[in-house]
Every structure is written in structure tokens, then in C-alpha cells.
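Coordinates as given in upload31.txt (compact mmCIF, C-alpha atoms):
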# COMPACT_ATOMS: atom_id res chain seq x y z
CA MET A 1 -103.59 -24.73 -66.37
CA ALA A 2 -105.41 -24.66 -63.03
CA PRO A 3 -103.33 -25.45 -59.94
CA MET A 4 -103.95 -28.88 -58.42
CA THR A 5 -105.16 -29.13 -54.84
CA PRO A 6 -102.52 -30.97 -52.78
CA VAL A 7 -103.89 -34.19 -51.31
CA ALA A 8 -102.33 -33.14 -48.00
CA ASP A 9 -104.75 -30.19 -47.93
CA MET A 10 -107.85 -32.40 -48.07
CA PRO A 11 -108.23 -33.04 -44.31
CA ALA A 12 -108.27 -29.27 -43.65
CA ILE A 13 -110.76 -28.71 -46.50
CA ILE A 14 -113.07 -31.38 -45.12
CA ALA A 15 -112.73 -30.00 -41.57
CA ARG A 16 -113.63 -26.53 -42.86
CA SER A 17 -116.74 -27.99 -44.47
CA GLN A 18 -117.71 -29.69 -41.23
CA GLN A 19 -117.36 -26.42 -39.34
CA ALA A 20 -119.45 -24.66 -41.97
CA PHE A 21 -122.15 -27.29 -41.50
CA LEU A 22 -122.48 -26.50 -37.79
CA ALA A 23 -123.33 -22.89 -38.66
CA TRP A 24 -125.24 -23.33 -41.92
CA ARG A 25 -127.70 -25.89 -40.54
CA THR A 26 -128.97 -23.26 -38.06
CA VAL A 27 -129.77 -20.71 -40.78
CA PRO A 28 -133.51 -20.86 -41.63
CA ALA A 29 -134.19 -22.69 -44.88
CA PRO A 30 -135.83 -19.70 -46.63
CA ARG A 31 -132.76 -17.64 -45.81
CA ARG A 32 -130.55 -20.39 -47.25
CA GLY A 33 -132.75 -20.23 -50.32
CA GLU A 34 -131.96 -16.55 -50.65
CA LEU A 35 -128.30 -17.39 -51.26
CA VAL A 36 -129.29 -19.77 -54.04
CA ARG A 37 -131.62 -17.11 -55.49
CA LEU A 38 -128.72 -14.67 -55.63
CA PHE A 39 -126.55 -17.32 -57.26
CA GLY A 40 -129.21 -17.76 -59.94
CA GLU A 41 -129.20 -14.02 -60.56
CA GLU A 42 -125.42 -13.98 -60.92
CA LEU A 43 -125.59 -16.92 -63.32
CA ARG A 44 -128.10 -15.04 -65.46
CA ALA A 45 -125.74 -12.08 -65.60
CA SER A 46 -122.78 -14.30 -66.51
CA LYS A 47 -124.57 -16.81 -68.72
CA ALA A 48 -122.93 -15.92 -72.03
CA GLU A 49 -119.41 -15.81 -70.61
CA LEU A 50 -119.71 -19.05 -68.64
CA ALA A 51 -121.31 -20.81 -71.60
CA ALA A 52 -118.46 -19.68 -73.85
CA LEU A 53 -115.99 -21.18 -71.40
CA VAL A 54 -117.92 -24.47 -71.36
CA THR A 55 -117.69 -24.49 -75.16
CA ALA A 56 -113.97 -23.69 -75.16
CA GLU A 57 -112.98 -26.17 -72.46
CA ALA A 58 -115.43 -29.06 -72.87
CA GLY A 59 -115.87 -28.77 -76.64
CA LYS A 60 -119.64 -28.37 -76.61
CA ILE A 61 -121.34 -26.40 -79.36
CA SER A 62 -122.44 -22.95 -78.24
CA THR A 63 -126.11 -23.83 -77.91
CA GLU A 64 -125.19 -26.76 -75.66
CA GLY A 65 -122.96 -24.51 -73.56
CA LEU A 66 -125.78 -22.01 -73.13
CA GLY A 67 -128.16 -24.84 -72.34
CA GLU A 68 -125.92 -26.20 -69.61
CA VAL A 69 -125.72 -22.83 -67.86
CA GLN A 70 -129.49 -22.54 -68.20
CA GLU A 71 -129.73 -25.87 -66.37
CA MET A 72 -127.84 -24.23 -63.52
CA ILE A 73 -130.26 -21.32 -63.48
CA ASP A 74 -133.27 -23.63 -63.59
CA ILE A 75 -132.16 -25.69 -60.60
CA CYS A 76 -131.56 -22.50 -58.63
CA ASP A 77 -135.16 -21.47 -59.31
CA PHE A 78 -136.38 -24.91 -58.23
CA ALA A 79 -134.25 -24.93 -55.08
CA VAL A 80 -135.45 -21.48 -53.99
CA GLY A 81 -139.02 -22.79 -54.01
CA LEU A 82 -137.94 -25.93 -52.20
CA SER A 83 -136.44 -23.84 -49.40
CA ARG A 84 -139.98 -22.94 -48.34
CA GLN A 85 -141.37 -26.44 -48.79
CA LEU A 86 -139.27 -28.64 -46.53
CA TYR A 87 -142.41 -29.99 -44.97
CA GLY A 88 -142.80 -32.85 -42.49
CA LEU A 89 -145.83 -35.09 -42.03
CA THR A 90 -148.11 -35.25 -39.02
CA ILE A 91 -149.14 -38.88 -38.74
CA ALA A 92 -152.07 -40.45 -36.88
CA SER A 93 -151.11 -42.65 -33.95
CA GLU A 94 -153.01 -45.52 -32.34
CA ARG A 95 -151.85 -44.32 -28.91
CA PRO A 96 -154.26 -41.95 -27.15
CA GLY A 97 -152.84 -38.49 -26.51
CA HIS A 98 -149.94 -38.97 -28.90
CA ARG A 99 -149.07 -37.82 -32.38
CA MET A 100 -146.21 -38.65 -34.68
CA MET A 101 -144.42 -35.86 -36.51
CA GLU A 102 -141.83 -36.05 -39.25
CA THR A 103 -139.09 -33.42 -39.53
CA TRP A 104 -136.21 -33.09 -41.97
CA HIS A 105 -132.72 -32.22 -40.76
CA PRO A 106 -129.52 -31.28 -42.63
CA MET A 107 -127.29 -34.29 -43.14
CA GLY A 108 -123.79 -32.83 -43.37
CA PRO A 109 -121.10 -31.97 -45.92
CA CYS A 110 -121.71 -33.30 -49.43
CA ALA A 111 -119.09 -34.29 -51.97
CA VAL A 112 -119.99 -33.69 -55.62
CA ILE A 113 -117.83 -35.39 -58.24
CA SER A 114 -118.64 -34.30 -61.78
CA ALA A 115 -117.53 -35.55 -65.18
CA PHE A 116 -116.12 -33.51 -68.06
CA ASN A 117 -119.14 -33.89 -70.35
CA PHE A 118 -121.37 -31.91 -67.95
CA PRO A 119 -118.74 -29.70 -66.34
CA VAL A 120 -121.02 -27.32 -64.42
CA ALA A 121 -124.67 -28.44 -64.53
CA VAL A 122 -124.21 -31.60 -62.46
CA TRP A 123 -122.50 -29.67 -59.69
CA ALA A 124 -125.26 -27.05 -59.71
CA TRP A 125 -128.01 -29.69 -59.58
CA ASN A 126 -126.52 -31.11 -56.40
CA ALA A 127 -125.14 -27.95 -54.81
CA ALA A 128 -128.32 -25.87 -55.06
CA LEU A 129 -130.35 -28.59 -53.36
CA ALA A 130 -127.69 -29.29 -50.75
CA LEU A 131 -127.42 -25.62 -49.82
CA VAL A 132 -131.13 -25.08 -49.25
CA CYS A 133 -131.23 -28.28 -47.20
CA GLY A 134 -128.46 -26.98 -44.92
CA ASP A 135 -125.49 -28.94 -46.24
CA PRO A 136 -122.08 -27.57 -47.31
CA VAL A 137 -120.53 -28.79 -50.55
CA ILE A 138 -117.07 -29.91 -51.62
CA TRP A 139 -116.81 -30.10 -55.42
CA LYS A 140 -114.28 -32.21 -57.27
CA PRO A 141 -114.74 -31.40 -60.97
CA SER A 142 -113.13 -33.36 -63.76
CA GLU A 143 -109.46 -32.54 -64.10
CA LYS A 144 -110.22 -32.06 -67.80
CA THR A 145 -112.48 -29.06 -67.11
CA PRO A 146 -111.06 -27.13 -64.15
CA LEU A 147 -111.51 -23.66 -65.62
CA THR A 148 -115.29 -23.92 -65.85
CA ALA A 149 -115.35 -25.05 -62.25
CA LEU A 150 -113.24 -22.13 -61.07
CA ALA A 151 -115.36 -19.72 -63.11
CA SER A 152 -118.53 -21.13 -61.53
CA MET A 153 -117.00 -20.68 -58.10
CA ALA A 154 -116.19 -17.06 -58.95
CA VAL A 155 -119.85 -16.51 -59.86
CA PHE A 156 -120.91 -18.13 -56.59
CA GLU A 157 -118.50 -15.90 -54.67
CA ARG A 158 -120.30 -12.87 -56.08
CA ALA A 159 -123.56 -14.24 -54.73
CA LEU A 160 -121.92 -14.83 -51.35
CA ALA A 161 -120.71 -11.22 -51.25
CA ARG A 162 -124.26 -9.99 -51.77
CA PHE A 163 -125.72 -12.45 -49.27
CA GLY A 164 -124.02 -11.11 -46.17
CA GLY A 165 -122.60 -12.67 -43.04
CA ASP A 166 -124.94 -15.65 -42.60
CA ALA A 167 -122.84 -17.84 -44.88
CA PRO A 168 -119.91 -19.41 -43.00
CA PRO A 169 -116.42 -19.83 -44.45
CA GLY A 170 -115.99 -23.12 -46.26
CA LEU A 171 -119.65 -23.40 -47.28
CA VAL A 172 -118.76 -24.32 -50.87
CA GLN A 173 -115.25 -25.42 -51.78
CA CYS A 174 -113.68 -26.67 -54.98
CA VAL A 175 -110.75 -29.07 -55.18
CA ILE A 176 -108.86 -29.67 -58.42
CA GLY A 177 -107.28 -33.06 -58.82
CA GLY A 178 -107.57 -36.65 -59.94
CA ALA A 179 -108.33 -39.94 -58.25
CA ASP A 180 -106.30 -39.09 -55.13
CA ALA A 181 -108.60 -36.18 -54.34
CA ILE A 182 -111.65 -38.37 -54.92
CA ASN A 183 -110.34 -41.17 -52.72
CA THR A 184 -109.45 -38.81 -49.90
CA THR A 185 -112.83 -37.09 -50.02
CA ALA A 186 -114.73 -40.37 -50.25
CA SER A 187 -112.78 -41.90 -47.38
CA ALA A 188 -113.55 -38.94 -45.15
CA ALA A 189 -117.23 -39.08 -46.12
CA MET A 190 -117.38 -42.73 -45.10
CA ILE A 191 -115.56 -42.46 -41.77
CA THR A 192 -116.63 -39.03 -40.51
CA PRO A 193 -120.11 -38.90 -38.94
CA SER A 194 -120.83 -35.34 -40.10
CA ALA A 195 -119.61 -35.98 -43.67
CA ARG A 196 -121.63 -39.02 -44.59
CA MET A 197 -123.17 -38.08 -47.92
CA LEU A 198 -121.34 -38.64 -51.19
CA ILE A 199 -122.86 -37.60 -54.51
CA ALA A 200 -121.05 -38.94 -57.54
CA GLU A 201 -121.61 -38.47 -61.27
CA PRO A 202 -119.81 -41.42 -62.83
CA ALA A 203 -121.50 -41.30 -66.26
CA THR A 204 -118.20 -40.98 -68.11
CA SER A 205 -114.51 -41.08 -67.35
CA SER A 206 -113.38 -37.83 -65.77
When written as C-alpha cells, how does the structure in this file appear?
Amino acid sequence: MAPMTPVADMPAIIARSQQAFLAWRTVPAPRRGELVRLFGEELRASKAELAALVTAEAGKISTEGLGEVQEMIDICDFAVGLSRQLYGLTIASERPGHRMMETWHPMGPCAVISAFNFPVAVWAWNAALALVCGDPVIWKPSEKTPLTALASMAVFERALARFGGDAPPGLVQCVIGGADAINTTASAAMITPSARMLIAEPATSS
């Protein structure tokens, strides 16, 4: 059984994510995409093992387990391309000598809450996009499927080790727990200016 994250630890976890944001948002987007590319490579190398764990813990048939990990790989491929396409618009203005220009900026730490029936793909869909956009991630997986979450984090740690020193501590964190962890994370996301994005996956009870 995976150890639960004490609710008392949540403020420090969120603060670590906020500090990571200050560094990660300054890393060029294509470089951020390189981390996600490496994560996709590590997922390819670990696909069979991670899929087997999805099958064992979530009860999916083996083809569904393999398909879920492939979803993780696919979103990594998509996000790598996105990291070089964060374009802004240049817009015509009615004022002489002026132009309007649109730019996209990182928003801040993101909370991803995933359900047991998609124990890893939903997190990957959100995390890959958040990372290339300059946003750290705090993941609260279903308490029914903690092992797949911890295994996914181990795969991500291998990508981090290959990536080098541009990735700050606390860039991606995983908390194991129930409603208390969700409520603490959500409350911080609502009241903290630099943690104002909450991504939830409430399709089923988790």
C-alpha cells in the first residue's frame, strides 16, 4: 500500500510548486518541450511494464492498459510540437503608428486530479501540456490506483535525470490521499495568485 501524503505537508508542496514556477517559466518553450520529449522516450521504454501495472491495479484488460500508456506517449509527441508553436497574433489597429500583439504567458502551478478508471492517461494529457506551457504540476491520483501514479513518477524522474539542471525542484509532484488532499490543493489554487489553475477529472468516483 502506498503511503498517504499528510495533509499538513500540502502547504509546503504547494509552495515548492510555486517556487518551481518562477524558474520554469523562464526556460524557453522548446527547451521545456525537450523534457516532455525525453519523458515520451522513457514511456516507450517502459510501456509494457507500466501497462501491466495499470492492468493489475485498475483491472483493465491488457490491451486497454497498453492503450492507456500509448495515450501518454501520444500526448508527449503532441506537446513537443506545441512547444514550438506557442504563437501570438499581430493585430491591425485603427490607431496610426500602433500595433497590437498577443503573447502567451505561463499561468502558474496546475493541480491534476485523476480518477481510477484512467489512472495515468488523464494526468499525462494535462501534465505534458502544462509543462511545455511553463506550468508546474501537482498530481492527486485516485487513492484506488496509487501504484500506477508512483510508477509514472519514477518514469518521469528518469526523464528529469537525462534533462539536466534546467528543471527546478518541485516541477512535478504527486500527492497520495483522499478528499482532504483535494480540498487543500483546491483551496490553495483558489486563494494563491500564482496557483490559480485547477484541472479536475471528475468522470467517476475516485
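Proximity of A:Ile13, A:Ala79, A:Ala58, A:Ala48 to A:Asn126, computed with all atoms listed in the file, is greatest for A:Ala79.
Each of A:Gly33, A:Pro3, A:Pro146, A:Gly178 was compared to A:Ala128 using all atoms listed in the file, and A:Gly33 turns out to be the nearest.
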Would you kindly return, as a list of chain:residue names, each protein, DNA or RNA residue with an atom no farther than 6 Å from any atom of stretch 131-142 of chain A, considering only C-alpha atoms and excluding same-chain residues fewer than 3 positions away?
-> A:Phe21, A:Trp24, A:Arg25, A:Ala29, A:Arg32, A:Gly33, A:Ser83, A:Pro106, A:Gly108, A:Pro109, A:Cys110, A:Ala111, A:Val112, A:Ile113, A:Ser114, A:Ala115, A:Phe116, A:Ala127, A:Ala128, A:Thr145, A:Leu171, A:Val172, A:Gln173, A:Cys174, A:Val175, A:Ser206
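Closest to A:Thr5 among A:Ala23, A:Ile91, A:Asp180, A:His105 is A:Asp180, based on only C-alpha atoms.
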Contact residues around A:Gly65 with only C-alpha atoms at 12 Å, ignoring same-chain residues under 2 positions, as a ChimeraX atom specification | /A:47-63,67-72,117-121,148
Shortest interatomic distance to A:Leu129 - which of A:Arg44, A:Asp74, A:Ser17, A:Ala154, counting all atoms listed in the file = A:Asp74
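With all atoms listed in the file as the atoms that count, the minimum distance from A:Ala45 to the choices A:Ala20, A:Ala130, A:Ala159, A:Leu86 is reached by A:Ala159.
Across the model, the gap from atom CA of A:Gly40 to atom CA of A:Gly177 is 26.8 Å.
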Put the listed atoms of stretch 109-125 of chain A in a box along x, y and z with 5 Å added on every side and give me the centre and edge lengths in Å to one decimal, as AutoDock Vina command-line options.
--center_x -122.1 --center_y -31.3 --center_z -58.1 --size_x 21.9 --size_y 18.5 --size_z 34.4
Measure the distance from atom CA of A:Val36 to atom CA of A:Met4 in Å and round it to one decimal.
-> 27.3 Å
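One finds atom CA of A:Thr90 at 6.3 Å from atom CA of A:Glu102.
Candidate residues A:Ile75, A:Met153, A:Met101, A:Leu35 were compared for distance to A:Tyr87, and the nearest is A:Met101, using only C-alpha atoms.
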List the residues sitting within 12 Å of (-123.8, -11.6, -53.8) in the file's frame, using only C-alpha atoms, as JSON, numbers by chain.
-> {"A": [34, 35, 36, 37, 38, 39, 40, 41, 42, 43, 45, 154, 155, 156, 157, 158, 159, 160, 161, 162, 163, 164, 165, 166, 167]}
